[in-house]
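Student: One structure, as structure tokens, below. Some questions next.
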Amino acid sequence: MVTKKNTDPLPFYKAKALEQMSLSEWESLCDGCGRCCLNKLEDWDTGEIHWTYVACTLLDGNTCRCKNYEDRFNFVPDCVQLTPKVVRELKWLPPTCAYRLIKEGKELYWWHPLVSGDPQTVHHAGVSVQDKTVTEDGLEPEDYEDFLVSWPNEDLPEDID
């Protein structure tokens, strides 16, 4: 019996380290969940991160994309620029984040657009923050404690895989 050898090349995200990716490859890792654009509170004593559903002023709560991605640092100076170095240091990236998954040597989930071929599957799977946020506009940071959630870092439901 003759078996056909699989000669399909590996997807770039399996074949390359984060540092080896082109800018377009890097950008395509973002699944559009919007979770990294939520405000987080850090306990100064323990370093523990507490998630809120308060979104950055530039996050479109329906599309889960930045309203002004190219110029975001002009409007949100403390926006975190994800780079391979930053991804390797951050402790708050969501457990579903492709940057984090690749850093940890894990597979992307079925709903990631690079796997599914559809940018909407992240929303259909219920992973994104679509229609789950309030904007930070008009809120004081000390009020963020009123908007705490656990879902960005909770254990993933079994049907998410």
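All residue names refer to the structure tokens as shown: chains lettered A, B, ... in order, residues numbered from 1 in each chain, ligands numbered from 1 in order.
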Can you pull out every residue from stretch 50-143 of chain A that DSSP, working from the backbone, puts in strand (DSSP E), and format the result as a ChimeraX atom specification?

Tutor: /A:50-55,134-135

Student: Output C-alpha atoms of each residue in that selection to a file, as a PDB file, in the first residue's frame.

Tutor:
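The result, written out as again20.pdb:
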ATOM      1  CA  HIS A  50      -8.397  41.909  38.182  1.00  0.00           C
ATOM      2  CA  TRP A  51     -10.301  42.235  34.914  1.00  0.00           C
ATOM      3  CA  THR A  52     -13.065  44.729  34.237  1.00  0.00           C
ATOM      4  CA  TYR A  53     -15.490  45.015  31.375  1.00  0.00           C
ATOM      5  CA  VAL A  54     -14.510  48.665  30.972  1.00  0.00           C
ATOM      6  CA  ALA A  55     -13.147  49.045  27.465  1.00  0.00           C
ATOM      7  CA  VAL A 134     -18.870  49.741  28.707  1.00  0.00           C
ATOM      8  CA  THR A 135     -16.549  52.486  27.576  1.00  0.00           C
TER       9      THR A 135
END

Student: Can you check which parts of stretch 90-130 of chain A lie within 10 Å of stretch 13-36 of chain A? Per residue, the shortest pair of atoms and distance in Å to one decimal, counting only C-alpha atoms, sorted by chain and number, as a tab-separated table.

Tutor:
residue	atom	partner	partner_atom	distance
A:Trp92	CA	A:Cys36	CA	8.2
A:Leu93	CA	A:Cys36	CA	6.6
A:Pro94	CA	A:Arg35	CA	6.9
A:Thr96	CA	A:Cys33	CA	9.0
A:Cys97	CA	A:Asp31	CA	7.5
A:Ala98	CA	A:Leu29	CA	5.8
A:Tyr99	CA	A:Leu29	CA	6.6
A:Ile102	CA	A:Tyr13	CA	7.3
A:Lys103	CA	A:Leu18	CA	7.3
A:Gly105	CA	A:Lys14	CA	8.7
A:Lys106	CA	A:Lys14	CA	9.3
A:Glu107	CA	A:Lys14	CA	8.4
A:Leu108	CA	A:Tyr13	CA	9.1
A:Trp111	CA	A:Asp31	CA	8.7
A:His112	CA	A:Asp31	CA	5.7
A:Pro113	CA	A:Asp31	CA	6.2
A:Leu114	CA	A:Leu29	CA	7.5
A:Pro119	CA	A:Asp31	CA	7.3
A:Gln120	CA	A:Gly32	CA	8.8
A:Thr121	CA	A:Asp31	CA	9.2
A:Val122	CA	A:Cys33	CA	6.4
A:His123	CA	A:Cys33	CA	7.3
A:Gly126	CA	A:Cys33	CA	9.2
A:Val127	CA	A:Cys33	CA	6.4
A:Ser128	CA	A:Cys33	CA	3.9
A:Val129	CA	A:Gly34	CA	5.8
A:Gln130	CA	A:Cys33	CA	7.5

Student: Between atom CA of A:Asp137 and atom CA of A:Thr46, measure the distance and give it in Å to one decimal.

Tutor: 28.2 Å

Student: Just want the 10 Å neighbourhood of A:Asn68, counted on only C-alpha atoms, with same-chain residues fewer than 5 positions away dropped. Output as a short mmCIF file (atom, residue, chain, number, x, y, z; two decimals) with N, CA and C atoms, in the first residue's frame.

Tutor:
data_model
loop_
_atom_site.label_atom_id
_atom_site.label_comp_id
_atom_site.auth_asym_id
_atom_site.auth_seq_id
_atom_site.Cartn_x
_atom_site.Cartn_y
_atom_site.Cartn_z
N LEU A 58 -11.07 53.64 22.59
CA LEU A 58 -10.99 53.38 21.15
C LEU A 58 -11.55 52.03 20.72
N LEU A 59 -11.95 51.20 21.66
CA LEU A 59 -12.48 49.89 21.28
C LEU A 59 -13.92 50.02 20.80
N ASP A 60 -14.18 49.53 19.61
CA ASP A 60 -15.54 49.45 19.10
C ASP A 60 -16.16 48.21 19.74
N PHE A 73 -1.77 55.53 19.70
CA PHE A 73 -0.88 56.05 20.73
C PHE A 73 -1.03 57.56 20.91
N ASN A 74 -1.56 58.25 19.90
CA ASN A 74 -1.83 59.68 20.03
C ASN A 74 -3.02 59.93 20.94
N PHE A 75 -3.92 58.96 21.04
CA PHE A 75 -5.12 59.11 21.85
C PHE A 75 -5.04 58.34 23.16
#

Student: Could you pull the residues within 9 Å of A:Asp131, counting only C-alpha atoms, minus those fewer than 4 positions along the same chain, as a list in words?

Tutor: Gly61, Asn62, Thr63 and Cys64 of chain A

Student: For a quick check of understanding, using only C-alpha atoms, which of A:Asp8, A:Glu42, A:Glu104, A:Asp78 has the smallest distance to A:Leu148?

Tutor: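 Looking at the shortest contact to A:Leu148, the residue is A:Glu42.
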
Student: Would you please extract all alpha helix (DSSP H) residues from chain A, as assigned by DSSP on the backbone, and give them as a PyMOL selection string?

Tutor: chain A and resi 12-15+23-28+72-75+84-89+98-103+113-116+121-124
